[in-house]
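Peer 1: upload_7.txt is reproduced below (compact mmCIF, C-alpha atoms).
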```txt
# COMPACT_ATOMS: atom_id res chain seq x y z
CA MET A 1 -39.25 -70.24 -25.33
CA ALA A 2 -36.37 -67.87 -26.07
CA ALA A 3 -34.41 -69.09 -23.05
CA GLY A 4 -34.91 -72.66 -24.16
CA GLY A 5 -33.76 -71.72 -27.66
CA TYR A 6 -30.60 -70.12 -26.32
CA GLY A 7 -29.86 -73.13 -24.15
CA ARG A 8 -30.32 -75.63 -26.95
CA TYR A 9 -28.18 -73.72 -29.43
CA ARG A 10 -25.52 -72.97 -26.82
CA ALA A 11 -25.23 -76.67 -25.99
CA VAL A 12 -24.95 -77.75 -29.62
CA ILE A 13 -22.54 -74.98 -30.63
CA PHE A 14 -20.34 -75.41 -27.59
CA ALA A 15 -20.22 -79.20 -28.07
CA ALA A 16 -19.26 -78.77 -31.73
CA MET A 17 -16.47 -76.32 -30.84
CA PHE A 18 -15.26 -78.55 -28.01
CA VAL A 19 -15.03 -81.65 -30.21
CA GLY A 20 -13.58 -79.63 -33.06
CA TYR A 21 -10.87 -78.01 -30.98
CA THR A 22 -10.06 -81.33 -29.33
CA LEU A 23 -9.23 -82.59 -32.81
CA TYR A 24 -7.33 -79.38 -33.58
CA TYR A 25 -5.07 -79.95 -30.59
CA PHE A 26 -4.75 -83.72 -31.05
CA ASN A 27 -3.57 -83.21 -34.61
CA ARG A 28 -1.24 -80.43 -33.49
CA LYS A 29 0.52 -82.85 -31.16
CA THR A 30 0.37 -86.09 -33.16
CA PHE A 31 4.04 -85.81 -34.12
CA SER A 32 4.99 -85.45 -30.45
CA PHE A 33 2.79 -88.43 -29.55
CA VAL A 34 4.42 -90.73 -32.14
CA MET A 35 7.92 -89.22 -32.00
CA PRO A 36 9.63 -92.35 -30.56
CA ALA A 37 8.00 -94.53 -33.25
CA VAL A 38 9.01 -92.09 -36.01
CA MET A 39 12.61 -92.05 -34.74
CA ALA A 40 12.68 -95.85 -34.84
CA GLU A 41 11.84 -95.78 -38.58
CA VAL A 42 13.38 -92.52 -39.79
CA PRO A 43 16.81 -91.46 -38.45
CA LEU A 44 16.17 -88.10 -36.80
CA GLY A 45 18.56 -86.22 -34.52
CA LYS A 46 17.67 -83.65 -31.87
CA ASP A 47 18.28 -80.79 -34.30
CA GLU A 48 15.94 -82.28 -36.90
CA LEU A 49 13.26 -82.90 -34.29
CA GLY A 50 13.58 -79.33 -33.04
CA LEU A 51 13.39 -77.99 -36.59
CA ILE A 52 10.14 -79.84 -37.22
CA THR A 53 8.45 -78.67 -34.01
CA SER A 54 9.73 -75.08 -34.35
CA SER A 55 8.50 -74.86 -37.93
CA GLN A 56 4.99 -75.50 -36.66
CA SER A 57 5.34 -72.93 -33.86
CA ALA A 58 6.64 -70.27 -36.28
CA ALA A 59 3.72 -70.86 -38.62
CA TYR A 60 1.33 -70.83 -35.67
CA ALA A 61 2.59 -67.37 -34.66
CA ILE A 62 2.07 -66.04 -38.19
CA SER A 63 -1.35 -67.63 -38.46
CA LYS A 64 -2.50 -66.16 -35.14
CA PHE A 65 -1.92 -62.66 -36.50
CA VAL A 66 -3.79 -63.41 -39.70
CA SER A 67 -6.68 -65.25 -38.07
CA GLY A 68 -7.08 -62.51 -35.45
CA VAL A 69 -7.85 -60.12 -38.30
CA LEU A 70 -9.85 -62.61 -40.35
CA SER A 71 -12.11 -63.49 -37.42
CA ASP A 72 -13.39 -59.89 -37.47
CA GLN A 73 -13.80 -59.81 -41.24
CA MET A 74 -15.39 -63.16 -42.09
CA SER A 75 -17.67 -65.84 -40.71
CA ALA A 76 -16.19 -67.43 -37.58
CA ARG A 77 -17.75 -70.83 -38.29
CA TRP A 78 -16.28 -70.90 -41.80
CA LEU A 79 -12.86 -69.93 -40.44
CA PHE A 80 -13.00 -72.58 -37.71
CA SER A 81 -14.21 -75.34 -40.04
CA SER A 82 -11.78 -74.45 -42.85
CA GLY A 83 -8.83 -74.61 -40.48
CA LEU A 84 -9.91 -78.01 -39.17
CA LEU A 85 -10.25 -79.31 -42.74
CA MET A 86 -6.74 -78.09 -43.60
CA VAL A 87 -5.28 -79.66 -40.45
CA GLY A 88 -6.80 -83.03 -41.36
CA LEU A 89 -5.53 -82.96 -44.94
CA VAL A 90 -2.01 -81.98 -43.87
CA ASN A 91 -1.84 -84.81 -41.34
CA VAL A 92 -2.90 -87.35 -43.96
CA VAL A 93 -0.17 -86.16 -46.34
CA PHE A 94 2.34 -86.12 -43.46
CA SER A 95 1.72 -89.84 -42.94
CA TRP A 96 2.92 -90.47 -46.50
CA SER A 97 6.26 -88.64 -45.99
CA SER A 98 9.69 -89.87 -44.90
CA THR A 99 12.17 -86.96 -45.16
CA VAL A 100 13.07 -84.16 -42.77
CA THR A 101 12.32 -81.52 -45.41
CA ALA A 102 8.84 -82.91 -46.04
CA PHE A 103 8.19 -83.28 -42.30
CA ALA A 104 9.20 -79.66 -41.57
CA GLY A 105 7.31 -78.24 -44.54
CA LEU A 106 4.10 -80.10 -43.80
CA TRP A 107 4.27 -79.31 -40.09
CA PHE A 108 4.69 -75.65 -41.03
CA LEU A 109 1.42 -75.93 -42.99
CA ASN A 110 -0.15 -77.65 -39.99
CA GLY A 111 0.82 -74.64 -37.85
CA LEU A 112 -0.73 -72.24 -40.36
CA ALA A 113 -3.99 -74.16 -40.22
CA GLN A 114 -3.87 -74.47 -36.41
CA GLY A 115 -3.96 -70.69 -35.99
CA LEU A 116 -7.42 -70.57 -37.55
CA GLY A 117 -9.04 -72.46 -34.67
CA TRP A 118 -8.89 -70.47 -31.42
CA PRO A 119 -9.77 -66.85 -32.42
CA PRO A 120 -13.17 -67.90 -33.89
CA CYS A 121 -13.92 -69.77 -30.65
CA GLY A 122 -13.44 -66.62 -28.60
CA LYS A 123 -15.61 -64.60 -30.95
CA ILE A 124 -18.44 -67.15 -30.92
CA LEU A 125 -18.33 -67.55 -27.14
CA ARG A 126 -18.67 -63.79 -26.66
CA LYS A 127 -21.63 -63.73 -29.02
CA TRP A 128 -23.51 -66.57 -27.30
CA PHE A 129 -22.66 -66.15 -23.58
CA GLU A 130 -23.05 -63.33 -21.07
CA PRO A 131 -19.83 -61.48 -20.10
CA SER A 132 -20.15 -62.82 -16.52
CA GLN A 133 -20.11 -66.39 -17.88
CA PHE A 134 -17.33 -65.95 -20.40
CA GLY A 135 -14.39 -66.85 -18.14
CA THR A 136 -15.97 -70.12 -17.00
CA TRP A 137 -16.97 -71.29 -20.49
CA TRP A 138 -13.64 -70.18 -21.93
CA ALA A 139 -11.88 -72.30 -19.29
CA ILE A 140 -14.11 -75.31 -20.01
CA LEU A 141 -13.46 -74.98 -23.74
CA SER A 142 -9.72 -74.79 -23.08
CA THR A 143 -9.92 -78.20 -21.41
CA SER A 144 -10.43 -79.65 -24.89
CA MET A 145 -6.67 -79.23 -25.28
CA ASN A 146 -6.03 -81.10 -22.04
CA LEU A 147 -8.44 -83.84 -23.06
CA ALA A 148 -6.68 -84.29 -26.40
CA GLY A 149 -3.27 -84.14 -24.75
CA GLY A 150 -4.33 -86.62 -22.06
CA LEU A 151 -5.94 -89.21 -24.31
CA GLY A 152 -3.63 -88.68 -27.28
CA PRO A 153 -0.49 -90.43 -26.00
CA ILE A 154 -2.52 -93.40 -24.73
CA VAL A 155 -4.43 -93.68 -28.02
CA ALA A 156 -1.18 -93.44 -29.99
CA ALA A 157 0.44 -96.10 -27.80
CA LEU A 158 -2.53 -98.47 -28.20
CA VAL A 159 -2.68 -97.96 -31.97
CA SER A 160 1.06 -98.62 -32.23
CA LEU A 161 0.51 -102.10 -30.78
CA ASN A 162 -1.31 -103.14 -33.96
CA TYR A 163 -0.47 -100.44 -36.51
CA ASP A 164 2.35 -98.01 -37.23
CA TRP A 165 2.62 -94.26 -36.67
CA ARG A 166 1.51 -93.56 -40.22
CA MET A 167 -1.87 -95.12 -39.54
CA THR A 168 -2.27 -92.96 -36.43
CA LEU A 169 -1.73 -89.73 -38.38
CA SER A 170 -3.81 -90.69 -41.40
CA PHE A 171 -6.75 -91.89 -39.31
CA SER A 172 -6.76 -88.80 -37.07
CA GLY A 173 -6.51 -86.59 -40.15
CA PHE A 174 -9.46 -88.32 -41.79
CA ILE A 175 -11.60 -87.77 -38.67
CA CYS A 176 -10.68 -84.06 -38.78
CA VAL A 177 -11.91 -83.80 -42.35
CA VAL A 178 -15.26 -85.39 -41.48
CA VAL A 179 -15.80 -83.34 -38.30
CA SER A 180 -14.94 -80.09 -40.10
CA PHE A 181 -18.10 -80.44 -42.19
CA VAL A 182 -20.16 -81.30 -39.11
CA CYS A 183 -18.90 -78.14 -37.37
CA LEU A 184 -19.78 -76.03 -40.39
CA VAL A 185 -23.38 -77.21 -40.13
CA LEU A 186 -23.80 -77.03 -36.33
CA ILE A 187 -21.92 -73.85 -35.37
CA LYS A 188 -23.74 -70.53 -35.70
CA ASN A 189 -21.94 -67.20 -35.52
CA GLU A 190 -24.45 -65.37 -33.35
CA PRO A 191 -28.03 -65.70 -32.05
CA SER A 192 -29.44 -63.55 -34.85
CA ASP A 193 -28.42 -66.24 -37.34
CA VAL A 194 -31.15 -68.48 -35.91
CA GLY A 195 -33.75 -65.78 -35.26
CA LEU A 196 -32.84 -64.98 -31.63
CA PRO A 197 -31.92 -61.53 -30.25
CA ASN A 198 -28.20 -60.94 -29.96
CA ILE A 199 -26.75 -60.76 -26.45
CA GLU A 200 -25.71 -57.23 -25.57
CA GLN A 201 -22.33 -56.86 -23.94
CA GLY A 202 -22.89 -54.76 -20.81
CA ALA A 203 -21.53 -51.27 -21.03
CA LYS A 204 -18.55 -50.57 -18.84
CA LYS A 205 -19.23 -48.68 -15.66
CA GLY A 206 -17.30 -45.46 -15.39
CA LYS A 207 -16.99 -42.05 -16.90
CA LYS A 208 -17.31 -41.44 -20.57
CA GLY A 209 -14.11 -40.60 -22.33
CA SER A 210 -11.97 -42.62 -19.90
CA SER A 211 -8.25 -42.81 -20.44
CA SER A 212 -8.41 -46.29 -21.95
CA GLU A 213 -11.05 -45.25 -24.49
CA ASN A 214 -9.13 -42.13 -25.47
CA SER A 215 -5.79 -43.95 -25.71
CA THR A 216 -4.26 -44.69 -29.08
CA LEU A 217 -3.21 -48.19 -30.02
CA THR A 218 0.44 -47.13 -29.70
CA GLU A 219 -0.14 -45.97 -26.11
CA LEU A 220 -1.83 -49.27 -25.30
CA LEU A 221 1.02 -51.29 -26.82
CA LEU A 222 3.55 -49.33 -24.75
CA SER A 223 1.80 -50.17 -21.47
CA PRO A 224 4.21 -51.98 -19.10
CA TYR A 225 1.45 -54.33 -17.94
CA LEU A 226 0.86 -55.58 -21.48
CA TRP A 227 4.53 -56.49 -21.78
CA LEU A 228 4.50 -58.18 -18.37
CA LEU A 229 1.43 -60.17 -19.35
CA SER A 230 2.87 -61.10 -22.75
CA THR A 231 6.13 -62.25 -21.19
CA GLY A 232 4.12 -64.43 -18.84
CA TYR A 233 2.38 -65.96 -21.86
CA LEU A 234 5.75 -66.64 -23.49
CA VAL A 235 7.34 -68.30 -20.47
CA VAL A 236 4.36 -70.38 -19.33
CA PHE A 237 3.46 -71.68 -22.77
CA GLY A 238 7.12 -72.23 -23.65
CA VAL A 239 7.73 -74.31 -20.53
CA LYS A 240 4.53 -76.28 -21.05
CA THR A 241 5.49 -77.00 -24.67
CA CYS A 242 8.94 -78.17 -23.55
CA CYS A 243 7.26 -80.66 -21.26
CA THR A 244 4.69 -81.95 -23.75
CA ASP A 245 7.09 -82.18 -26.71
CA TRP A 246 10.24 -83.49 -25.03
CA GLY A 247 9.21 -84.95 -21.68
CA GLN A 248 8.72 -88.49 -22.95
CA LEU A 249 12.08 -88.47 -24.77
CA PHE A 250 13.75 -87.33 -21.53
CA LEU A 251 12.15 -90.24 -19.68
CA ILE A 252 12.98 -92.80 -22.38
CA GLN A 253 16.50 -91.71 -23.37
CA GLU A 254 17.95 -90.45 -20.09
CA ARG A 255 15.85 -92.05 -17.36
CA GLY A 256 15.49 -95.51 -18.88
CA GLN A 257 11.71 -95.56 -18.74
CA SER A 258 9.52 -97.42 -21.22
CA MET A 259 7.50 -95.84 -24.01
CA LEU A 260 4.34 -96.63 -22.05
CA VAL A 261 5.62 -94.64 -19.07
CA GLY A 262 6.54 -91.78 -21.40
CA SER A 263 3.01 -91.76 -22.81
CA SER A 264 1.53 -91.96 -19.31
CA TYR A 265 3.61 -88.95 -18.28
CA MET A 266 2.18 -86.86 -21.12
CA SER A 267 -1.33 -87.94 -20.18
CA ALA A 268 -0.73 -87.10 -16.51
CA LEU A 269 0.49 -83.63 -17.46
CA GLU A 270 -2.65 -82.88 -19.44
CA ILE A 271 -4.98 -84.34 -16.80
CA GLY A 272 -3.43 -81.98 -14.27
CA GLY A 273 -3.93 -79.17 -16.76
CA LEU A 274 -7.58 -80.11 -17.25
CA VAL A 275 -8.31 -79.89 -13.53
CA GLY A 276 -6.30 -76.68 -13.22
CA SER A 277 -8.01 -75.07 -16.19
CA ILE A 278 -11.53 -75.62 -14.88
CA ALA A 279 -10.56 -74.53 -11.39
CA ALA A 280 -8.78 -71.43 -12.70
CA GLY A 281 -11.74 -70.27 -14.76
CA TYR A 282 -14.18 -70.74 -11.89
CA LEU A 283 -11.96 -69.25 -9.19
CA SER A 284 -10.87 -66.28 -11.31
CA ASP A 285 -14.49 -65.37 -12.09
CA ARG A 286 -15.37 -65.62 -8.39
CA ALA A 287 -12.39 -63.49 -7.42
CA VAL A 288 -13.37 -60.74 -9.84
CA ALA A 289 -17.02 -60.89 -8.79
CA ARG A 290 -16.08 -60.67 -5.10
CA VAL A 291 -13.35 -58.02 -5.21
CA GLY A 292 -13.92 -56.24 -8.50
CA LEU A 293 -11.33 -54.70 -10.79
CA SER A 294 -9.13 -51.72 -10.02
CA SER A 295 -6.44 -49.73 -11.79
CA TYR A 296 -3.65 -51.41 -9.81
CA GLY A 297 -3.28 -55.12 -9.25
CA ASN A 298 -5.89 -57.72 -10.14
CA PRO A 299 -7.73 -60.34 -8.08
CA ARG A 300 -6.58 -62.98 -10.58
CA HIS A 301 -2.91 -62.35 -9.75
CA ALA A 302 -2.92 -64.54 -6.63
CA LEU A 303 -4.23 -67.45 -8.70
CA LEU A 304 -1.64 -66.81 -11.41
CA LEU A 305 1.20 -66.80 -8.90
CA SER A 306 0.05 -69.98 -7.16
CA MET A 307 -0.15 -71.88 -10.46
CA MET A 308 3.20 -70.60 -11.70
CA ALA A 309 4.77 -71.63 -8.41
CA GLY A 310 3.14 -75.04 -8.79
CA MET A 311 4.75 -75.42 -12.20
CA CYS A 312 8.18 -74.63 -10.77
CA VAL A 313 7.85 -77.17 -7.95
CA SER A 314 6.48 -79.95 -10.15
CA MET A 315 9.21 -79.40 -12.77
CA PHE A 316 11.87 -79.69 -10.10
CA LEU A 317 10.38 -82.92 -8.77
CA PHE A 318 10.06 -84.34 -12.27
CA ARG A 319 13.68 -83.57 -13.12
CA VAL A 320 15.36 -84.83 -9.94
CA THR A 321 13.19 -87.68 -8.63
CA VAL A 322 12.46 -89.83 -11.69
CA THR A 323 15.13 -92.46 -12.32
CA GLY A 324 15.42 -95.75 -14.16
CA ASP A 325 14.43 -97.53 -10.94
CA SER A 326 11.24 -95.53 -10.49
CA PRO A 327 8.30 -97.96 -10.88
CA LYS A 328 6.06 -95.26 -12.32
CA VAL A 329 5.59 -91.54 -12.55
CA SER A 330 4.00 -90.60 -9.26
CA ALA A 331 1.20 -88.12 -8.66
CA LEU A 332 3.81 -85.55 -7.60
CA HIS A 333 4.83 -85.27 -11.25
CA PHE A 334 1.45 -84.09 -12.44
CA PHE A 335 2.05 -80.68 -13.95
CA LEU A 336 -0.45 -77.90 -13.44
CA PRO A 337 0.14 -76.03 -16.69
CA LEU A 338 -1.25 -72.54 -16.39
CA PRO A 339 -4.40 -72.46 -18.53
CA VAL A 340 -5.35 -69.56 -20.74
CA SER A 341 -8.34 -68.57 -18.64
CA PRO A 342 -6.56 -66.73 -15.79
CA PHE A 343 -4.71 -64.61 -18.35
CA ALA A 344 -7.58 -64.20 -20.79
CA ASP A 345 -9.49 -61.21 -19.42
CA LEU A 346 -6.83 -59.52 -17.31
CA PRO A 347 -6.21 -56.46 -19.47
CA PHE A 348 -9.12 -56.67 -21.83
CA SER A 349 -12.83 -56.24 -21.40
CA SER A 350 -15.78 -56.62 -23.67
CA PRO A 351 -16.37 -53.58 -25.85
CA GLY A 352 -19.19 -51.30 -24.85
CA ARG A 353 -22.64 -51.58 -26.30
CA LEU A 354 -22.80 -50.41 -29.89
CA VAL A 355 -25.36 -47.65 -29.56
CA SER A 356 -27.04 -45.96 -32.49
CA THR A 357 -25.15 -42.66 -32.37
CA PRO A 358 -22.56 -42.80 -35.21
CA GLU A 359 -19.81 -41.15 -33.13
CA LEU A 360 -20.23 -43.58 -30.25
CA ARG A 361 -20.49 -46.51 -32.65
CA THR A 362 -17.21 -45.47 -34.29
CA ARG A 363 -15.54 -45.15 -30.88
CA ALA A 364 -16.77 -48.58 -29.82
CA LEU A 365 -15.59 -50.14 -33.08
CA ARG A 366 -12.15 -48.62 -32.62
CA ARG A 367 -12.04 -49.96 -29.09
CA LEU A 368 -13.01 -53.43 -30.36
CA LEU A 369 -10.24 -53.36 -32.96
CA ASP A 370 -7.72 -52.21 -30.34
CA THR A 371 -8.81 -55.07 -28.06
CA GLN A 372 -8.35 -57.59 -30.86
CA ALA A 373 -4.91 -56.16 -31.62
CA LEU A 374 -3.84 -56.50 -27.98
CA LEU A 375 -5.10 -60.07 -27.83
CA VAL A 376 -3.15 -60.94 -30.96
CA PHE A 377 -0.10 -59.23 -29.43
CA CYS A 378 -0.27 -61.49 -26.36
CA LEU A 379 -0.96 -64.58 -28.45
CA PHE A 380 2.08 -63.78 -30.57
CA PHE A 381 4.27 -63.94 -27.46
CA LEU A 382 2.61 -67.24 -26.59
CA THR A 383 3.57 -68.76 -29.91
CA VAL A 384 7.11 -67.36 -29.63
CA GLY A 385 7.36 -69.35 -26.41
CA GLY A 386 6.29 -72.43 -28.35
CA PHE A 387 8.96 -71.73 -30.98
CA LEU A 388 11.71 -71.38 -28.35
CA ALA A 389 10.60 -74.72 -26.91
CA GLY A 390 11.47 -76.35 -30.25
CA LEU A 391 14.85 -76.00 -31.93
CA PRO A 392 16.55 -73.81 -29.25
CA PHE A 393 15.50 -76.24 -26.48
CA SER A 394 16.55 -79.35 -28.46
CA THR A 395 19.89 -77.69 -29.29
CA ILE A 396 20.64 -77.35 -25.56
CA ALA A 397 19.77 -81.03 -25.15
CA LYS A 398 22.04 -81.97 -28.06
CA HIS A 399 25.10 -80.20 -26.65
CA TYR A 400 24.41 -81.02 -23.01
CA SER A 401 21.47 -83.24 -22.02
CA TRP A 402 17.69 -83.26 -21.71
CA ALA A 403 18.11 -82.81 -17.95
CA THR A 404 20.11 -79.62 -18.52
CA ALA A 405 17.54 -78.30 -20.96
CA PHE A 406 14.74 -78.89 -18.46
CA TRP A 407 16.85 -77.20 -15.77
CA VAL A 408 17.06 -74.10 -17.99
CA ALA A 409 13.27 -74.15 -18.42
CA GLU A 410 12.85 -74.57 -14.67
CA ILE A 411 15.09 -71.58 -13.87
CA THR A 412 13.29 -69.46 -16.47
CA CYS A 413 9.91 -70.32 -14.96
CA THR A 414 11.14 -69.60 -11.43
CA GLY A 415 12.61 -66.23 -12.43
CA SER A 416 9.36 -65.25 -14.14
CA THR A 417 7.34 -66.22 -11.07
CA VAL A 418 9.52 -64.07 -8.82
CA ALA A 419 9.29 -61.14 -11.25
CA PHE A 420 5.50 -61.44 -11.46
CA PHE A 421 5.29 -61.52 -7.66
CA LEU A 422 7.33 -58.32 -7.35
CA LEU A 423 5.17 -56.61 -9.99
CA ARG A 424 1.81 -58.01 -8.84
CA ASN A 425 0.50 -54.54 -7.95
CA ILE A 426 1.54 -52.93 -11.23
CA ARG A 427 -0.90 -50.56 -12.92
CA THR A 428 -3.20 -52.86 -14.89
CA LYS A 429 -5.29 -50.15 -16.51
CA MET A 430 -3.57 -49.77 -19.83
CA GLY A 431 -3.33 -46.76 -22.07
CA ARG A 432 -3.06 -43.06 -21.35
CA ILE A 433 -2.49 -42.15 -17.71
CA PRO A 434 -5.09 -39.56 -16.62
CA ARG A 435 -3.90 -36.19 -15.36
CA LYS A 436 -5.70 -36.64 -12.09
CA ALA A 437 -4.17 -39.27 -9.81
CA ASP A 438 -6.14 -42.47 -9.46
```
What do you get writing this file as structure tokens?

Peer 2:
Amino acid sequence: MAAGGYGRYRAVIFAAMFVGYTLYYFNRKTFSFVMPAVMAEVPLGKDELGLITSSQSAAYAISKFVSGVLSDQMSARWLFSSGLLMVGLVNVVFSWSSTVTAFAGLWFLNGLAQGLGWPPCGKILRKWFEPSQFGTWWAILSTSMNLAGGLGPIVAALVSLNYDWRMTLSFSGFICVVVSFVCLVLIKNEPSDVGLPNIEQGAKKGKKGSSSENSTLTELLLSPYLWLLSTGYLVVFGVKTCCTDWGQLFLIQERGQSMLVGSSYMSALEIGGLVGSIAAGYLSDRAVARVGLSSYGNPRHALLLSMMAGMCVSMFLFRVTVTGDSPKVSALHFFLPLPVSPFADLPFSSPGRLVSTPELRTRALRRLLDTQALLVFCLFFLTVGGFLAGLPFSTIAKHYSWATAFWVAEITCTGSTVAFFLLRNIRTKMGRIPRKAD
């Protein structure tokens, strides 16, 4: 009976979060989806476009910090649903606007609301699923972004045949408002909210008082591996954002392709990401289960390197092979954007079981707060990458060309891949180094 109860609630809660975050992401990218149509009505240069997209990324970075703290202090379902409601309302108001100032200001508010979506998802998943299942379900949930990114351009293109871009934004915003209330009803923070026993996070194997538990937050933040991981977040997400935000303009303005081809390109990118995300979550969990974790290197590194190399190759093919004579974007131009799942659990693990002894409970709580702080630290780098993919990237395109801007992104991605390969066996156990050699 209990197992059936868990299964039923897990299915409903996961479905609500999946649909909700699909709408989060769709309404985060609606401006990118309708950008050519907006430019046809409102005169916008590359600088103005970059300002609008970067304003959202800057707000997203700020919001990630705030929501990372709020998710530990308040109800996750209220935080998730409130953010979705705000996103919907902002998009509706955006559809009424016509100036660069209004666009940038409202998209900044959209970014603030967007940051309230993902941290509650991680918290709820950890409450409802076993640690051994977390990577797989996290990867599946992350495909909601790929689904929204894959269907979004096609939906926007079809709507534009009969309506304008304003209708696209207002309709998608209205759906967000409605679904936000549905999510508030269906999502439950933890099993105890519905009368089921909470799932205990397995205690870490190892000696008590390990170096990571005794480390201060400052020592954790100074760990070289954390900076390597965060830089990887910045580069991968920055390059992916360059492709999703500006790829269709590159195809339309410099390669002479139609708007339909530009939309198909964005869909192809996200479809590749969807497949890669599911595969990465499954393969990374299998790699960890088979090899286990150690203080140096990580079984997920091989997967990370292969996907980063795939991004470099596909970006090169996209930049040099697509021309005005190309009949369509071929399968070679499917990107495999590195999903969150391979990065997600590399340096962090679930906090130990909160036992009844006050001292141990205090230690576990401190460890939980340190883990949240490190996650927010990495997510901050991720959003910085998104910011750099906005105004700085469009400025390069303004003074040179879109092709040059994509070449810069390609070189950056390649350099990061080489650096990660050279440092693949770096010490991954963060915090204070024990006196005794490992």

Peer 1: Find the residues of segment 67-148 of chain A that sit at most 12 Å from segment 17-38 of chain A; for each, write down the nearest two atoms and how far apart they are in Å, to one decimal. Count all atoms listed in the file. Sort by chain, then by number going up, and give it as a tab-separated table.

Peer 2:
```
residue	atom	partner	partner_atom	distance
A:Ala76	CA	A:Met17	CA	11.2
A:Arg77	CA	A:Met17	CA	9.3
A:Phe80	CA	A:Gly20	CA	8.5
A:Ser81	CA	A:Gly20	CA	8.2
A:Ser82	CA	A:Gly20	CA	11.2
A:Gly83	CA	A:Tyr24	CA	8.5
A:Leu84	CA	A:Tyr24	CA	6.3
A:Leu85	CA	A:Tyr24	CA	9.6
A:Met86	CA	A:Tyr24	CA	10.1
A:Val87	CA	A:Asn27	CA	7.0
A:Gly88	CA	A:Asn27	CA	7.5
A:Leu89	CA	A:Asn27	CA	10.5
A:Val90	CA	A:Asn27	CA	9.5
A:Asn91	CA	A:Asn27	CA	7.1
A:Val92	CA	A:Asn27	CA	10.2
A:Phe94	CA	A:Phe31	CA	9.5
A:Ser95	CA	A:Phe31	CA	10.0
A:Ser97	CA	A:Val38	CA	10.9
A:Ser98	CA	A:Val38	CA	9.2
A:Thr99	CA	A:Val38	CA	11.0
A:Val100	CA	A:Val38	CA	11.2
A:Phe103	CA	A:Phe31	CA	9.5
A:Ala104	CA	A:Phe31	CA	11.0
A:Leu106	CA	A:Phe31	CA	11.2
A:Trp107	CA	A:Arg28	CA	8.7
A:Phe108	CA	A:Arg28	CA	10.7
A:Leu109	CA	A:Arg28	CA	10.8
A:Asn110	CA	A:Arg28	CA	7.2
A:Gly111	CA	A:Arg28	CA	7.5
A:Leu112	CA	A:Arg28	CA	10.7
A:Ala113	CA	A:Tyr24	CA	9.1
A:Gln114	CA	A:Tyr24	CA	6.6
A:Gly115	CA	A:Tyr24	CA	9.6
A:Leu116	CA	A:Tyr24	CA	9.7
A:Gly117	CA	A:Tyr21	CA	6.9
A:Trp118	CA	A:Tyr21	CA	7.8
A:Pro119	CA	A:Tyr21	CA	11.3
A:Pro120	CA	A:Met17	CA	9.5
A:Cys121	CA	A:Met17	CA	7.0
A:Gly122	CA	A:Met17	CA	10.4
A:Lys123	CA	A:Met17	CA	11.8
A:Ile124	CA	A:Met17	CA	9.4
A:Leu125	CA	A:Met17	CA	9.7
A:Trp137	CA	A:Phe18	CA	10.6
A:Trp138	CA	A:Phe18	CA	10.5
A:Ala139	CA	A:Phe18	CA	11.2
A:Ile140	CA	A:Phe18	CA	8.7
A:Leu141	CA	A:Phe18	CA	5.8
A:Ser142	CA	A:Phe18	CA	8.3
A:Thr143	CA	A:Phe18	CA	8.5
A:Ser144	CA	A:Thr22	CA	4.8
A:Met145	CA	A:Tyr25	CA	5.6
A:Asn146	CA	A:Thr22	CA	8.3
A:Leu147	CA	A:Thr22	CA	6.9
A:Ala148	CA	A:Phe26	CA	5.1
```

Peer 1: Give the answer as one residue: which of A:Arg126, A:Arg255, A:Lys64, A:Arg319 has the shortest atom-to-atom distance to Trp407 of chain A, using only C-alpha atoms?

Peer 2: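 Of A:Arg126, A:Arg255, A:Lys64, A:Arg319, the one nearest Trp407 of chain A is A:Arg319, counting only C-alpha atoms.
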
Peer 1: Just the number, please: distance in Å from atom CA of Ile252 of chain A to atom CA of Ala40 of chain A, one decimal.

Peer 2: 12.8 Å

Peer 1: Between segment 116-160 of chain A and segment 260-271 of chain A, at 8 Å or less, what are the per-residue closest atom pairs and their distances in Å? Count all atoms listed in the file, order by chain and rising residue number, and return it as a Markdown table.

Peer 2:
```
| residue | atom | partner | partner_atom | distance |
| --- | --- | --- | --- | --- |
| A:Met145 | CA | A:Glu270 | CA | 8.0 |
| A:Asn146 | CA | A:Glu270 | CA | 4.6 |
| A:Leu147 | CA | A:Glu270 | CA | 6.9 |
| A:Gly149 | CA | A:Glu270 | CA | 5.5 |
| A:Gly150 | CA | A:Ser267 | CA | 3.8 |
| A:Leu151 | CA | A:Ser267 | CA | 6.3 |
| A:Gly152 | CA | A:Ser267 | CA | 7.5 |
| A:Pro153 | CA | A:Ser263 | CA | 4.9 |
| A:Ile154 | CA | A:Ser263 | CA | 6.1 |
| A:Ala157 | CA | A:Leu260 | CA | 7.0 |
```

Peer 1: Would you mind exporting the chosen residues as a PDB file, in the coordinates of the input, restricted to C-alpha atoms?

Peer 2:
```
ATOM      1  CA  MET A 145      -6.670 -79.230 -25.280  1.00  0.00           C
ATOM      2  CA  ASN A 146      -6.030 -81.100 -22.040  1.00  0.00           C
ATOM      3  CA  LEU A 147      -8.440 -83.840 -23.060  1.00  0.00           C
ATOM      4  CA  GLY A 149      -3.270 -84.140 -24.750  1.00  0.00           C
ATOM      5  CA  GLY A 150      -4.330 -86.620 -22.060  1.00  0.00           C
ATOM      6  CA  LEU A 151      -5.940 -89.210 -24.310  1.00  0.00           C
ATOM      7  CA  GLY A 152      -3.630 -88.680 -27.280  1.00  0.00           C
ATOM      8  CA  PRO A 153      -0.490 -90.430 -26.000  1.00  0.00           C
ATOM      9  CA  ILE A 154      -2.520 -93.400 -24.730  1.00  0.00           C
ATOM     10  CA  ALA A 157       0.440 -96.100 -27.800  1.00  0.00           C
TER      11      ALA A 157
END
```
